[in-house]
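Step one of this worksheet: look at the structure below.
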Amino acid sequence: METAVEQDSMGHYQSAVSLLFSLSLTLALAFFLPASAQSSQSRKFLALVKSRLIEENHLKAQRGESLDARVQKLCPYETKAAARMILFQYGAAFTASDRVRVPDRCVFLDEGDVQRFQATAKIKSAMLGDTLIELQESAMEALEVARSEAQSQGLDITPLDGSIAARRVYRDTVAIWNSRFDPAIRYWIGAGRIAPTELDAVNSLDIFSLIEKVSAWEKQGLFFGTGTYSSIFSSVAPPGTSQHLSMIALDVVQHGDPRVRLIMAKNGWFQTIKGDMTHFTYLGVLEQELPGRGLQFVIYNDRGFWIPAAEIDPATPLAPSESIPLTIGDRTVRALIYKGKPLKILLFNMHDDENTAVDAARSFVKINGGTMVELTHTGERLITFDLYDRTYKVDPNRIFTLDGISKTLVQYGGTSPEAEAEVARFAQELVARFVNGRPAVVALHNNGNNAYSSASYNKGGEYAKDAAEVYLDPKRDADDFFYVTERKHFDGLKAKGYNVVLQNNDAVTDDGSLSVYCGRQKITYINVEAEHGHKIEQERMLTDLLDLLGK
């Protein structure tokens, strides 16, 4: 594990068993669930963890201290969010067969903890290619069988990045963690998103407090993974938590070949850390036994993972899964990506001050699925950037045509050929990444009370000539409305009793908005517009829209 996560475009791991299980699960951040809110799968997992900790440590109830209390000292998942996060992120190791020595705690706190554990495990060494690796005996024997089978098919299984692809010591996990964490925190301090005083503060934290601190930052979209666009926890384990310390993990060069993954699984080696493409864990059981041990099969980036099954607390806001840095001049604009279960719909929030729309979309995606993209920079509507010692401002929803780019620059302070070219490049990147190829783009916007509204498109209104038709329901607030580019969606939303405006694609003013671009390119576009604070109304609009698009 803990190598840079590589994106794999090859075919994903397939199994008939996998169809029996849910394909959506988010484990990037920790939360607590009452027993009634846990799935039967997660209860199986926690029960197995408890029993393995009791066995490994030969625990018995003592006078004045229950068995549960003794278990919690080794892995305080009932009282510490970070311990629970560690368990559900990396704890698949506890589900290994009885032939495997599983960790005797969920975090090895220092080098002494690791040395004591490794000294009591049966270790076997072997040369894989030119590299000497060490694993638990049962893991190594299964790996040798798998490698022999692979070689008989003209394939191979070799370690990635040398000997640390297998057995590691505590200081290895510290060094690998710091290789990601240190550059990331300095980046966020330099970007003004984290106070400089936090650097010394986090260096003095214990491991549980450090994990909670980093998790809190990542909930805000401040990611600590390689490149600061993904979670650190999907590519590197915090110090003392790596499965490599238990000597049942191997990072594999040929991880991208589905034939190799099938051979590994056949011999008890599975991918158990969502998002870590190179990492395999030896569990030593048949795949069909994994659900009974509390694991759940999920697909992420076209790769299958067996991970501890935990349910998502409905009250917990959906967190972004990616933070993609985009540049315009000297300004970095982050595209935060929120993902639910697979759904072709794209939700797009372009104005950084329209937070009701973001809150409504996060709730919608969590429940219904789809992908939401939120552009963030300064918390303001306009994007301000410097280019060649001059400052410019643009409205990010007025940059999708050349005329629109010129108009928005002039409106907010002035233009130049260089600035127009830079804004056009930024807009093209947004379109290429998030718009083109989508069957439907749903924009998310908020407005002020009795300002811009559906009534603005009525006869005599400011934008009347841009509308082919307008429908206003007298029972609804005019500030809450749909703006669409296709007749069928106008008719469908009108039938549902919503305020709705149909764009006149032939005569609409070219202001550079995404609706103008989509109208010209024949891309389905729907703007879900609601007044600031109308989260419930906007969420209901999205739900009814999904019903319409589904039909």
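Ligands are numbered from 1 in the order shown, chains are lettered A, B, ... in the order of the structure tokens, and residues start at 1 in each chain.
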Considering only C-alpha atoms, return as a compact mmCIF listing (two decimals) with N, CA and C atoms, in the first residue's frame whatever protein or nucleic-acid residues lie within 9 Å of Ser242 (chain A), sequence-local ones (same chain, fewer than 2 positions apart) excluded.
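For reference, selection23.txt as written:
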```txt
# COMPACT_ATOMS: atom_id res chain seq x y z
N MET A 1 0.83 -1.18 0.00
CA MET A 1 0.00 0.00 0.00
C MET A 1 0.87 1.24 0.00
N GLU A 2 0.38 2.39 0.27
CA GLU A 2 1.12 3.63 0.48
C GLU A 2 2.04 4.06 -0.65
N TYR A 90 -8.74 0.29 7.18
CA TYR A 90 -7.65 -0.67 7.01
C TYR A 90 -7.88 -1.99 7.73
N VAL A 107 -3.85 0.13 16.17
CA VAL A 107 -2.73 1.03 15.89
C VAL A 107 -1.52 0.59 16.69
N PHE A 108 -0.41 0.34 16.01
CA PHE A 108 0.87 0.14 16.70
C PHE A 108 1.42 1.53 17.01
N ARG A 168 7.19 -4.05 6.61
CA ARG A 168 7.69 -2.74 6.97
C ARG A 168 7.87 -2.65 8.47
N TYR A 170 8.01 0.30 11.81
CA TYR A 170 7.25 1.50 12.18
C TYR A 170 7.78 2.75 11.50
N THR A 173 6.49 3.54 8.05
CA THR A 173 5.14 4.12 7.93
C THR A 173 5.15 5.61 8.26
N VAL A 236 -2.12 6.28 1.63
CA VAL A 236 -1.11 6.06 2.65
C VAL A 236 -1.80 5.88 4.00
N ALA A 237 -1.36 4.87 4.74
CA ALA A 237 -1.92 4.64 6.07
C ALA A 237 -1.21 5.53 7.09
N PRO A 238 -1.90 6.04 8.08
CA PRO A 238 -1.24 6.80 9.14
C PRO A 238 -0.20 5.93 9.85
N PRO A 239 0.80 6.55 10.44
CA PRO A 239 1.84 5.78 11.13
C PRO A 239 1.26 4.74 12.10
N GLY A 240 1.74 3.51 11.98
CA GLY A 240 1.33 2.46 12.90
C GLY A 240 0.06 1.72 12.51
N HIS A 244 1.06 -3.60 6.19
CA HIS A 244 2.42 -4.08 5.95
C HIS A 244 3.13 -4.39 7.26
N LEU A 245 2.76 -3.72 8.34
CA LEU A 245 3.37 -3.99 9.64
C LEU A 245 3.01 -5.38 10.13
N SER A 246 1.83 -5.88 9.71
CA SER A 246 1.40 -7.23 10.09
C SER A 246 1.92 -8.27 9.12
N ALA A 249 0.59 -7.88 3.63
CA ALA A 249 0.26 -6.97 2.53
C ALA A 249 1.40 -6.94 1.52
```
Excluding Met127 (chain A) and residues on its chain fewer than 4 positions from it, collect all residues at most 10 Å away from it, counting only C-alpha atoms, and give them as a list in words.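 Here the answer would be Thr131, Leu132, Ile133, Glu134, Thr158, Pro159 and Ser163 of chain A.
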Once you have the residues from the selection above, write them out as a compact mmCIF listing (two decimals), in the first residue's frame, restricted to N, CA and C atoms.
```txt
# COMPACT_ATOMS: atom_id res chain seq x y z
N THR A 131 14.26 -8.92 -5.75
CA THR A 131 13.90 -8.28 -4.48
C THR A 131 13.62 -9.31 -3.40
N LEU A 132 14.24 -9.15 -2.24
CA LEU A 132 13.97 -9.99 -1.09
C LEU A 132 12.78 -9.40 -0.33
N ILE A 133 11.74 -10.20 -0.15
CA ILE A 133 10.58 -9.73 0.61
C ILE A 133 10.31 -10.69 1.76
N GLU A 134 9.63 -10.17 2.79
CA GLU A 134 9.28 -10.96 3.97
C GLU A 134 7.79 -10.81 4.24
N THR A 158 5.35 -9.30 -9.13
CA THR A 158 6.59 -8.80 -8.55
C THR A 158 6.29 -7.60 -7.64
N PRO A 159 7.16 -7.36 -6.65
CA PRO A 159 6.91 -6.29 -5.68
C PRO A 159 7.21 -4.91 -6.25
N SER A 163 11.81 -3.87 -1.18
CA SER A 163 11.42 -4.73 -0.07
C SER A 163 10.25 -4.19 0.73
```
Nearest residue to Asp479 (chain A) from the set A:Arg193, A:Lys73, A:His534, A:His351 (distances using only C-alpha atoms):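 Comparing A:Arg193, A:Lys73, A:His534, A:His351 against Asp479 (chain A), the winner is A:His534.
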I'd like the interatomic distance between CA of Asn449 (chain A) and CA of Val373 (chain A), to a tenth of an Å.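 Computing the Euclidean distance for CA of Asn449 (chain A) and CA of Val373 (chain A) yields 25.3 Å.
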